[in-house]
Number of protein chains: 2
Amino acid sequence: MPNHDHQMHEGDSLREAARGRLEETGERWTGMRAAVFDALAGFDRPASAYDIAEAVSKSQERRVAANSVYRILDLFVGANLARRVESANAYVANQHPDCLHDCIFLICDSCGQAVHLDDDKVSGGIRDAAAGAGFSASRPVIEVRGTCEDCGDADS
Amino acid sequence: MPNHDHQMHEGDSLREAARGRLEETGERWTGMRAAVFDALAGFDRPASAYDIAEAVSKSQERRVAANSVYRILDLFVGANLARRVESANAYVANQHPDCLHDCIFLICDSCGQAVHLDDDKVSGGIRDAAAGAGFSASRPVIEVRGTCEDCGDADS
DNA sequence: GCGTGAATGTAATGTTGTATCCTGACCCGA
DNA sequence: TCGGGTCAGGATACAACATTACATTCACGC
């Protein structure tokens, strides 16, 4: 079970939380950044920068290049608005940008969905193991590939 | 501390262990596979498929294409002779191919070295956390980016 | 208005990973 | 010895992911 309550967000509430968080870091919430955030949050699974570029191109009715998207995604990751899923070369919106965690992703190899867990006990164990090897951890990457409940139920 | 002893290998011993393990799976230990394994084991840090292709090209004195290397690396990963480091898009030789673990990589962002830990307690915790969310884990990816002891000592 | 720096656009290029089809070595049975 | 099957690997092309350099535009203080 989680060891504290999060302010969870969705839809407009998430957008506003993201905007607030980004502005706290001294960055601007521009139209382009809003469009990228909306596109990212609109996916129900991890989205690649190119997926997002395509979605934004559609919503803006003009071509948006990948590198603009990369710039903004890097900014988002730095500000905790988004996370990178390393094993999928993709990104997800962070549902609670105000709250910093080492997080765990459960990624279904069948449907592509990614669930985000926060378990400070597990991540603490990893940080301890790293520290025990004389290693100073800055960014744990904890991802589990496998099969989600829905896909496991019925072997389609 | 590790919770059991491994048969650790290096040099020729590692090569022989790898060969034995691969042949146990019903695959052949060909010259090309040996060359790829030697190249991989010769790197002191995670190596990309293209790094390995280049090294093998040199040792064979002919051009070896990346896709051949990928095929062989996939085979190695499947047979537990090598591991993929997801956060670096790279591969490392497994020092004890006879022994299957969820493993933890500590990757130094400064020098690029990767240390391989086996800690069944930590990985068990992750599998438990996944199971608690109804998720059937097949392949945990546990990597920690940070700074190793050597690079942290003196801030060059 | 106008200069300045931040944000974004444009284009090219580099890196990583896959797909497809083909060749050559080897084995095996007729 | 001939044919056919299998499989490792080669060649090529291409798809997907990511970065770089430089030009242009925009917001804001003055």
# chains A, B, ... in the order shown; residues from 1 in each chain; ligands from 1

call {"tool": "interface_residues", "arguments": {"of": "chain D", "to": "chain A", "cutoff": "9 Å", "atoms": "only C-alpha atoms (C1' of nucleotides)", "output": "tab-separated table (two decimals) with N, CA and C atoms (P, O5', C5', C4', C3', O3' and C1' of nucleotides), in the first residue's frame"}}
result
chain	number	residue	atom	x	y	z
D	16	DA	P	8.41	3.06	-37.90
D	16	DA	O5'	9.48	3.39	-36.75
D	16	DA	C5'	9.94	2.32	-35.94
D	16	DA	C4'	10.88	2.87	-34.91
D	16	DA	C3'	10.35	4.10	-34.17
D	16	DA	O3'	10.58	3.86	-32.81
D	16	DA	C1'	12.50	4.54	-35.03
D	17	DC	P	10.10	4.87	-31.67
D	17	DC	O5'	11.48	5.58	-31.27
D	17	DC	C5'	12.54	4.77	-30.75
D	17	DC	C4'	13.76	5.62	-30.60
D	17	DC	C3'	13.57	6.90	-29.79
D	17	DC	O3'	14.52	6.90	-28.75
D	17	DC	C1'	14.77	7.34	-31.76
D	18	DA	P	14.50	8.04	-27.63
D	18	DA	O5'	15.55	9.08	-28.22
D	18	DA	C5'	16.91	8.69	-28.35
D	18	DA	C4'	17.71	9.83	-28.93
D	18	DA	C3'	17.51	11.19	-28.26
D	18	DA	O3'	18.69	11.45	-27.51
D	18	DA	C1'	17.70	11.37	-30.63
D	19	DT	P	18.98	12.90	-26.86
D	19	DT	O5'	19.77	13.66	-28.02
D	19	DT	C5'	20.88	13.00	-28.60
D	19	DT	C4'	21.58	13.91	-29.59
D	19	DT	C3'	21.84	15.34	-29.08
D	19	DT	O3'	23.21	15.58	-29.33
D	19	DT	C1'	20.82	15.39	-31.20

call {"tool": "residues_around", "arguments": {"residues": "Gly31 of chain B", "least_positions_apart": "6", "cutoff": "12 Å", "atoms": "only C-alpha atoms (C1' of nucleotides)", "output": "PyMOL selection string"}}
result
(chain B and resi 19+37-38+56+59-60+72) or (chain D and resi 8-9)

call {"tool": "closest_residue", "arguments": {"among": "C:DG29, C:DG9, C:DG17, C:DG24", "to": "chain A", "atoms": "only C-alpha atoms (C1' of nucleotides)"}}
result
C:DG9

call {"tool": "atom_distance", "arguments": {"atom1": "atom CA of Phe43 of chain B", "atom2": "atom CA of Lys58 of chain B"}}
result
14.0 Å

call {"tool": "residues_around", "arguments": {"residues": "DT20 of chain D", "least_positions_apart": "3", "cutoff": "12 Å", "atoms": "only C-alpha atoms (C1' of nucleotides)", "output": "list in words"}}
result
Asn67 of chain A; DA11, DA12, DT13 and DG14 of chain C

call {"tool": "closest_atom_pairs", "arguments": {"of": "chain A", "to": "chain B", "cutoff": "6 Å", "atoms": "only C-alpha atoms", "output": "CSV"}}
result
residue,atom,partner,partner_atom,distance
A:Glu86,CA,B:Ser87,CA,5.4
A:Ser87,CA,B:Glu86,CA,5.4
A:Gly134,CA,B:Glu149,CA,5.2
A:Phe135,CA,B:Cys148,CA,4.7
A:Ser136,CA,B:Thr147,CA,5.1
A:Ala137,CA,B:Gly146,CA,4.4
A:Ser138,CA,B:Gly146,CA,4.6
A:Arg139,CA,B:Arg145,CA,5.0
A:Pro140,CA,B:Val144,CA,4.2
A:Val141,CA,B:Glu143,CA,5.0
A:Ile142,CA,B:Ile142,CA,4.8
A:Glu143,CA,B:Val141,CA,5.0
A:Val144,CA,B:Pro140,CA,4.2
A:Arg145,CA,B:Arg139,CA,5.0
A:Gly146,CA,B:Ala137,CA,4.4
A:Thr147,CA,B:Ser136,CA,5.1
A:Cys148,CA,B:Phe135,CA,4.7
A:Glu149,CA,B:Gly134,CA,5.2

call {"tool": "closest_atom_pairs", "arguments": {"of": "chain A", "to": "chain C", "cutoff": "9 Å", "atoms": "only C-alpha atoms (C1' of nucleotides)", "output": "tab-separated table"}}
result
residue	atom	partner	partner_atom	distance
A:Thr30	CA	C:DA7	C1'	8.8
A:Met32	CA	C:DT8	C1'	8.6
A:Val64	CA	C:DG9	C1'	8.4
A:Ala65	CA	C:DG9	C1'	8.1
A:Ser68	CA	C:DT8	C1'	6.9

call {"tool": "write_last_selection", "arguments": {"atoms": "N, CA and C atoms", "output": "tab-separated table (two decimals), in the first residue's frame"}}
result
chain	number	residue	atom	x	y	z
A	30	THR	N	3.94	28.00	-22.03
A	30	THR	CA	3.60	28.53	-23.35
A	30	THR	C	2.54	27.68	-24.04
A	32	MET	N	2.84	26.14	-26.86
A	32	MET	CA	3.49	24.93	-27.34
A	32	MET	C	3.63	23.91	-26.21
A	64	VAL	N	4.92	19.98	-36.62
A	64	VAL	CA	5.77	20.23	-35.46
A	64	VAL	C	6.88	19.19	-35.47
A	65	ALA	N	8.13	19.64	-35.41
A	65	ALA	CA	9.26	18.73	-35.53
A	65	ALA	C	9.60	18.06	-34.21
A	68	SER	N	11.63	19.88	-31.30
A	68	SER	CA	10.91	20.79	-30.42
A	68	SER	C	10.25	20.01	-29.29

call {"tool": "select_by_dssp", "arguments": {"residues": "chain A", "states": "strand (DSSP E)", "output": "list in words"}}
result
Ala82, Arg83, Arg84, Val85, Ala90, Tyr91, Val92, Ala93, Ile104, Phe105, Leu106, Ile107, Cys108, Ala114, Val115, His116, Leu117, Ser136, Ala137, Ser138, Arg139, Pro140, Val141, Ile142, Glu143, Val144, Arg145, Gly146 and Thr147 of chain A

call {"tool": "write_last_selection", "arguments": {"atoms": "N, CA and C atoms", "output": "JSON list (two decimals), in the first residue's frame"}}
result
[["chain", "number", "residue", "atom", "x", "y", "z"],
["A", 82, "ALA", "N", 6.73, 15.00, -16.19],
["A", 82, "ALA", "CA", 6.68, 13.80, -17.01],
["A", 82, "ALA", "C", 7.82, 12.88, -16.61],
["A", 83, "ARG", "N", 7.69, 11.66, -16.99],
["A", 83, "ARG", "CA", 8.72, 10.66, -16.72],
["A", 83, "ARG", "C", 9.10, 9.99, -18.03],
["A", 84, "ARG", "N", 10.34, 9.57, -18.09],
["A", 84, "ARG", "CA", 10.77, 8.79, -19.23],
["A", 84, "ARG", "C", 10.74, 7.32, -18.87],
["A", 85, "VAL", "N", 10.18, 6.51, -19.74],
["A", 85, "VAL", "CA", 10.18, 5.06, -19.55],
["A", 85, "VAL", "C", 11.33, 4.51, -20.39],
["A", 90, "ALA", "N", 10.10, 6.02, -24.26],
["A", 90, "ALA", "CA", 8.84, 6.75, -24.33],
["A", 90, "ALA", "C", 8.62, 7.53, -23.04],
["A", 91, "TYR", "N", 7.57, 8.33, -23.06],
["A", 91, "TYR", "CA", 7.30, 9.23, -21.94],
["A", 91, "TYR", "C", 5.86, 9.08, -21.46],
["A", 92, "VAL", "N", 5.66, 9.36, -20.16],
["A", 92, "VAL", "CA", 4.30, 9.42, -19.62],
["A", 92, "VAL", "C", 4.17, 10.70, -18.79],
["A", 93, "ALA", "N", 2.93, 11.20, -18.70],
["A", 93, "ALA", "CA", 2.67, 12.35, -17.83],
["A", 93, "ALA", "C", 2.69, 11.86, -16.39],
["A", 104, "ILE", "N", 8.10, 3.32, -9.91],
["A", 104, "ILE", "CA", 8.19, 2.00, -10.52],
["A", 104, "ILE", "C", 7.15, 1.93, -11.62],
["A", 105, "PHE", "N", 7.56, 1.50, -12.80],
["A", 105, "PHE", "CA", 6.61, 1.30, -13.88],
["A", 105, "PHE", "C", 6.40, -0.18, -14.13],
["A", 106, "LEU", "N", 5.13, -0.55, -14.27],
["A", 106, "LEU", "CA", 4.78, -1.91, -14.69],
["A", 106, "LEU", "C", 4.27, -1.80, -16.12],
["A", 107, "ILE", "N", 5.02, -2.35, -17.06],
["A", 107, "ILE", "CA", 4.70, -2.16, -18.46],
["A", 107, "ILE", "C", 4.25, -3.48, -19.08],
["A", 108, "CYS", "N", 3.03, -3.49, -19.59],
["A", 108, "CYS", "CA", 2.49, -4.72, -20.17],
["A", 108, "CYS", "C", 3.01, -4.90, -21.58],
["A", 114, "ALA", "N", 1.10, 1.20, -19.18],
["A", 114, "ALA", "CA", 2.08, 1.31, -18.10],
["A", 114, "ALA", "C", 1.39, 1.81, -16.85],
["A", 115, "VAL", "N", 1.60, 1.09, -15.75],
["A", 115, "VAL", "CA", 1.07, 1.53, -14.47],
["A", 115, "VAL", "C", 2.23, 2.08, -13.66],
["A", 116, "HIS", "N", 1.94, 3.14, -12.94],
["A", 116, "HIS", "CA", 2.97, 3.83, -12.18],
["A", 116, "HIS", "C", 2.72, 3.57, -10.70],
["A", 117, "LEU", "N", 3.70, 2.95, -10.05],
["A", 117, "LEU", "CA", 3.63, 2.74, -8.60],
["A", 117, "LEU", "C", 4.62, 3.67, -7.90],
["A", 136, "SER", "N", 26.75, 6.45, -5.48],
["A", 136, "SER", "CA", 25.86, 7.55, -5.14],
["A", 136, "SER", "C", 24.74, 7.64, -6.17],
["A", 137, "ALA", "N", 23.54, 7.23, -5.78],
["A", 137, "ALA", "CA", 22.42, 7.12, -6.71],
["A", 137, "ALA", "C", 21.83, 8.49, -7.01],
["A", 138, "SER", "N", 21.62, 8.79, -8.28],
["A", 138, "SER", "CA", 20.90, 10.03, -8.57],
["A", 138, "SER", "C", 19.55, 9.74, -9.21],
["A", 139, "ARG", "N", 19.48, 8.68, -9.98],
["A", 139, "ARG", "CA", 18.21, 8.41, -10.68],
["A", 139, "ARG", "C", 17.99, 6.92, -10.86],
["A", 140, "PRO", "N", 17.27, 6.31, -9.95],
["A", 140, "PRO", "CA", 16.93, 4.89, -10.12],
["A", 140, "PRO", "C", 15.96, 4.70, -11.29],
["A", 141, "VAL", "N", 16.18, 3.65, -12.04],
["A", 141, "VAL", "CA", 15.28, 3.27, -13.12],
["A", 141, "VAL", "C", 14.71, 1.92, -12.75],
["A", 142, "ILE", "N", 13.44, 1.91, -12.37],
["A", 142, "ILE", "CA", 12.82, 0.67, -11.92],
["A", 142, "ILE", "C", 11.61, 0.41, -12.78],
["A", 143, "GLU", "N", 11.73, -0.57, -13.65],
["A", 143, "GLU", "CA", 10.65, -0.87, -14.58],
["A", 143, "GLU", "C", 10.48, -2.37, -14.62],
["A", 144, "VAL", "N", 9.25, -2.81, -14.71],
["A", 144, "VAL", "CA", 9.00, -4.24, -14.78],
["A", 144, "VAL", "C", 8.21, -4.54, -16.04],
["A", 145, "ARG", "N", 8.79, -5.34, -16.91],
["A", 145, "ARG", "CA", 8.08, -5.80, -18.09],
["A", 145, "ARG", "C", 7.34, -7.06, -17.71],
["A", 146, "GLY", "N", 6.16, -7.23, -18.26],
["A", 146, "GLY", "CA", 5.39, -8.42, -17.95],
["A", 146, "GLY", "C", 4.01, -8.31, -18.55],
["A", 147, "THR", "N", 3.02, -8.86, -17.85],
["A", 147, "THR", "CA", 1.66, -8.90, -18.37],
["A", 147, "THR", "C", 0.71, -8.35, -17.33]]

call {"tool": "residues_around", "arguments": {"residues": "Asp51 of chain A", "least_positions_apart": "4", "cutoff": "9 Å", "atoms": "only C-alpha atoms (C1' of nucleotides)", "output": "ChimeraX atom specification"}}
result
/A:39-40,47,55-56

call {"tool": "atom_distance", "arguments": {"atom1": "atom CA of Phe76 of chain B", "atom2": "atom C1' of DC7 of chain D"}}
result
17.0 Å
